[in-house]
Amino acid sequence: MAKTTAPLKITPLGGLDGIGKNMTALELGGDMILVDAGLMFPDDAQPGIDLVLPDYTYVLENEEKLRAIVITHGHEDHTGALPYLLMDLGTRVPVYGSRMTLGLVEGKLEEFNLEDAKLCEVASGQRIRAGAFDVEFFSMTHSIPGTLGAFVRTRQGTVLFTGDYKLDQTPVDGVLPSYAALNRFGEEGVDLLLSDSTNATEPGFTPSERSVSPALRHIIKNAEGRVFVACFASHIHRLQQVCDAAVSVGRKVVVTGRSMITNTKIARDLGYLSISQDDIVDAYEAEDIPDDKVVVLCTGSQGEPLSALARMAAGGHKTLTITPKDTVIISATPVPGNEKSVQSIVNSLSKIGCAVYDRSQTLIHVSGHGSQEELKLMIAMCKPRYFCPVHGEAVHLRAHAELAKELGISEERIFVLTNGETLLMRDHVVEVGEPVECGVVYVDGLSVGDADPLVLRDRQKLSHDGIITCVATVASGDHKVREVDITGRGVSFMDDELLLEEANDVVREAINRASNQKGRNADATRNAVRKQLSNFLWSQTRTRPMIIPVVMEV
Ligand SMILES: [Zn+2]
Ligand SMILES: [Zn+2]
């Protein structure tokens with residue numbers, strides 16, 4: 001009985017609070033599948049944190065139901081949590097993705113000693129069966145090759161995941177979005193559509209990836225010296241266009257930066273990037289080639305401090321230096337949160353005096369996500385009964401919901417959710433269900449842990465207001481304060497003698513008062529010092545440095 005009445009439960013565990021950590025669980029009776037397992041890179045409010053993962057406790061709790069993990073494409077916001085998840089789950093569950101996706105995933109899993117993961121290659125048009133789920137894959141165009149959407153059929157109804165997409169009519173690799181499949185799904189009946197909202201606030205159509213070719217070619221052809229092109233290492237279509245432009249004007253291509261070297265190798269091995277071996281040279285070989293015959297493909301388009309571009313801009317790269325005669329093209333838009341780092345690299349490059357091109361000067365970058373007209377076209381083709389915008393911040397989800405309304409989907413059939421909220425589908429009817437527990441997990445260096453708010457708060461304090469150590473010596477006989485020494489790091493007032501003298505008095509008073517109290521103990525004394533000093537510094541400087549009090553009896 002229970003078997004036929006169990007609803008299909010759809011739970012986005014991430015991806016609805018920003019661009020990142022995409023992961024959606026589909027559950028029906030005793031079966032579950034996951035679509036994507038991504039991470040998010042931390043922002044300035046999370047100092048010292050390396051990565052942010054979706055909290056997938058819910059998946060672990062239902063571990064025995066999990067039949068498959070489907071990965072739509074190779075970007076880290078869809079694949080990055082996979083090694084952590086598989087470390088927790090073991091490698092029993094098969095992982096499905098395109099050849100390109102699995103090529104990238106495989107490299108990552110090896111770093112985590114997860115070589116025995118079950119990677120199952122699928123292609124557009126293929127169908128797989130995973131418990132109660134029948135999943136059909138279809139091609140989409142995006143800023144990485146081998147991007148697939150997934151159409152999931154169940155006995156309660158169907159769900160269509162677009163994955164990340166734009167509708168590119170002239171894709172670099174010639175692989176068009178599967179319009180035929182989308183229309184076929186529309187005819188068959190799409191009960192619920194989950195569609196990419198990244199550019200839902202952008203009017204019009206996103207230009208084709210090919211449209212960056214003329215500007216790239218023009219700059220590379222006319223540059224006096226070497227041309228350095230920084231872009232996402234996974235953006236194989238962009239790399240292809242840079243390579244084509246270089247080769248067409250007789251320049252050799254040098255590849256530098258760890259992920260750029262890895263990804264170009266994977267993409268060439270798998271047939272996604274075509275450039276002949278003669279046209280690729282090692283960085284040290286570039287020394288022997290005239291400057292106007294060289295193009296350097298490098299990492300660093302996001303201003304990453306350890307990237308090849310950052311090191312070259314700072315004069316710290318092993319083999320390559322940038323001179324005033326050279327040209328640098330930053331062929332990407334900074335991901336929100338990275339603007340400052342990118343600006344700082346542009347400044348370093350400007351000091352060198354080379355020519356710098358970024359998106360503000362000429363068309364050298366286009367988005368991999370569809371704009372409003374493409375999102376509308378998707379809805380028009382799929383004709384979903386219910387709609388749930390995903391992959392975006394609240395503002396993007398809202399804007400996408402508005403577009404759906406314009407296309408005639410009534411408001412009560414549109415669900416703008418937050419992570420952990422669920423949808424239930426019974427016999428093609430969708431309603432909101434009970435939310436599941438859901439949050440984020442921080443990866444700090446090598447340790448994965450729950451967000452420890454204390455550690456984060458301490459780091460924020462340290463980075464904003466600095467640290468104060470306050471060492472007081474107290475006579476063991478009469479408990480009177482002998483000496484107080486206040487030192488600080490990263491605080492603004494260490495030169496202010498008057499303030500320090502007053503602070504000194506505040507500490508003496510705090511200790512004296514604490515020693516006069518009954519039940520006097522070392523902890524209470526230290527806490528009193530911390531509290532009084534903190535309040536005093538706040539009143540005088542409007543900062544709250546971290547205070548480490550040390551009280552010694554002598
Ligand atoms: Zn993507
Ligand atoms: Zn994405």
# chains A, B, ... in the order shown; residues from 1 in each chain; ligands from 1
$ closest_atom_pairs --of "chain A" --to "ligand 2" --cutoff "8 Å" --atoms "only C-alpha atoms and all ligand atoms" --output "CSV"
residue,atom,partner,partner_atom_place_in_ligand_line,distance
A:Ile19,CA,ligand 2,1 (Zn),6.5
A:Gly20,CA,ligand 2,1 (Zn),6.4
A:Asn22,CA,ligand 2,1 (Zn),7.1
A:His75,CA,ligand 2,1 (Zn),6.4
A:Glu76,CA,ligand 2,1 (Zn),7.7
A:Asp77,CA,ligand 2,1 (Zn),5.2
A:His78,CA,ligand 2,1 (Zn),6.0
A:Gly163,CA,ligand 2,1 (Zn),7.6
A:Asp164,CA,ligand 2,1 (Zn),5.5
A:His391,CA,ligand 2,1 (Zn),6.6
$ residues_around --residues "A:Ser124" --least-positions-apart "5" --cutoff "8 Å" --atoms "only C-alpha atoms" --output "ChimeraX atom specification"
/A:136-139,148
$ residues_around --residues "stretch 277-286 of chain A" --least-positions-apart "3" --cutoff "6 Å" --atoms "only C-alpha atoms" --output "PyMOL selection string"
chain A and resi 252-254+289
$ write_last_selection --atoms "C-alpha atoms" --output "JSON list (two decimals), in the first residue's frame"
[["chain", "number", "residue", "atom", "x", "y", "z"],
["A", 252, "LYS", "CA", 52.45, 29.29, -30.01],
["A", 253, "VAL", "CA", 50.40, 28.62, -26.88],
["A", 254, "VAL", "CA", 51.95, 28.28, -23.43],
["A", 289, "ILE", "CA", 60.41, 32.19, -29.21]]
$ closest_residue --among "A:Glu121, A:Glu483, A:Glu406, A:Asp196" --to "A:Pro94" --atoms "only C-alpha atoms"
A:Glu121
$ atom_distance --atom1 "atom CA of A:His479" --atom2 "atom CA of A:Met552"
10.3 Å
$ closest_residue --among "A:Asp485, A:Ala25, A:Lys9, A:Leu16" --to "A:Met40" --atoms "only C-alpha atoms"
A:Leu16
$ closest_residue --among "A:Ser539, A:Thr170, A:Asn419, A:Ser463" --to "A:Pro54" --atoms "only C-alpha atoms"
A:Asn419
$ select_by_dssp --residues "stretch 362-554 of chain A" --states "strand (DSSP E or B)" --output "VMD selection string"
chain A and resid 386 to 390 392 414 423 to 426 429 to 432 440 to 444 447 to 450 467 to 474 481 to 489 546 to 553
$ write_last_selection --atoms "C-alpha atoms" --output "PDB file, in the first residue's frame"
ATOM      1  CA  TYR A 386       4.572  23.743 -11.813  1.00  0.00           C
ATOM      2  CA  PHE A 387       7.701  25.849 -11.714  1.00  0.00           C
ATOM      3  CA  CYS A 388      10.561  26.182  -9.229  1.00  0.00           C
ATOM      4  CA  PRO A 389      13.384  28.626 -10.033  1.00  0.00           C
ATOM      5  CA  VAL A 390      16.790  27.402  -8.792  1.00  0.00           C
ATOM      6  CA  GLY A 392      20.474  31.964  -7.842  1.00  0.00           C
ATOM      7  CA  ILE A 414       5.277  28.748  -8.769  1.00  0.00           C
ATOM      8  CA  LEU A 423       7.960  19.907  -2.576  1.00  0.00           C
ATOM      9  CA  LEU A 424       5.707  16.855  -2.651  1.00  0.00           C
ATOM     10  CA  MET A 425       4.272  15.460  -5.866  1.00  0.00           C
ATOM     11  CA  ARG A 426       1.311  13.097  -5.840  1.00  0.00           C
ATOM     12  CA  VAL A 429       0.005  17.564  -8.290  1.00  0.00           C
ATOM     13  CA  VAL A 430       2.696  19.504  -6.426  1.00  0.00           C
ATOM     14  CA  GLU A 431       2.457  21.123  -3.007  1.00  0.00           C
ATOM     15  CA  VAL A 432       4.882  22.365  -0.378  1.00  0.00           C
ATOM     16  CA  VAL A 440      26.023  24.766   5.498  1.00  0.00           C
ATOM     17  CA  VAL A 441      29.212  22.972   6.446  1.00  0.00           C
ATOM     18  CA  TYR A 442      32.523  24.781   6.445  1.00  0.00           C
ATOM     19  CA  VAL A 443      35.707  23.160   5.261  1.00  0.00           C
ATOM     20  CA  ASP A 444      38.564  24.729   7.116  1.00  0.00           C
ATOM     21  CA  SER A 447      38.875  19.421   8.515  1.00  0.00           C
ATOM     22  CA  VAL A 448      35.211  19.278   7.664  1.00  0.00           C
ATOM     23  CA  GLY A 449      33.061  20.423  10.492  1.00  0.00           C
ATOM     24  CA  ASP A 450      29.863  22.042  11.436  1.00  0.00           C
ATOM     25  CA  ILE A 467      44.158  41.492  19.334  1.00  0.00           C
ATOM     26  CA  ILE A 468      45.212  42.763  22.776  1.00  0.00           C
ATOM     27  CA  THR A 469      47.181  40.841  25.362  1.00  0.00           C
ATOM     28  CA  CYS A 470      47.022  42.127  28.883  1.00  0.00           C
ATOM     29  CA  VAL A 471      49.485  40.640  31.373  1.00  0.00           C
ATOM     30  CA  ALA A 472      48.991  41.641  35.021  1.00  0.00           C
ATOM     31  CA  THR A 473      51.126  40.565  37.969  1.00  0.00           C
ATOM     32  CA  VAL A 474      49.443  40.414  41.350  1.00  0.00           C
ATOM     33  CA  VAL A 481      48.276  44.647  41.381  1.00  0.00           C
ATOM     34  CA  ARG A 482      52.011  45.143  40.867  1.00  0.00           C
ATOM     35  CA  GLU A 483      52.257  45.643  37.148  1.00  0.00           C
ATOM     36  CA  VAL A 484      50.062  45.729  34.041  1.00  0.00           C
ATOM     37  CA  ASP A 485      51.423  45.341  30.537  1.00  0.00           C
ATOM     38  CA  ILE A 486      49.153  45.852  27.561  1.00  0.00           C
ATOM     39  CA  THR A 487      50.364  44.971  24.075  1.00  0.00           C
ATOM     40  CA  GLY A 488      48.435  44.866  20.840  1.00  0.00           C
ATOM     41  CA  ARG A 489      48.551  43.658  17.256  1.00  0.00           C
ATOM     42  CA  MET A 546      40.016  40.177  20.969  1.00  0.00           C
ATOM     43  CA  ILE A 547      41.415  40.397  24.498  1.00  0.00           C
ATOM     44  CA  ILE A 548      43.624  37.738  26.060  1.00  0.00           C
ATOM     45  CA  PRO A 549      44.037  38.468  29.778  1.00  0.00           C
ATOM     46  CA  VAL A 550      46.822  36.812  31.782  1.00  0.00           C
ATOM     47  CA  VAL A 551      46.828  37.346  35.566  1.00  0.00           C
ATOM     48  CA  MET A 552      49.857  35.988  37.435  1.00  0.00           C
ATOM     49  CA  GLU A 553      50.411  35.869  41.161  1.00  0.00           C
TER      50      GLU A 553
END
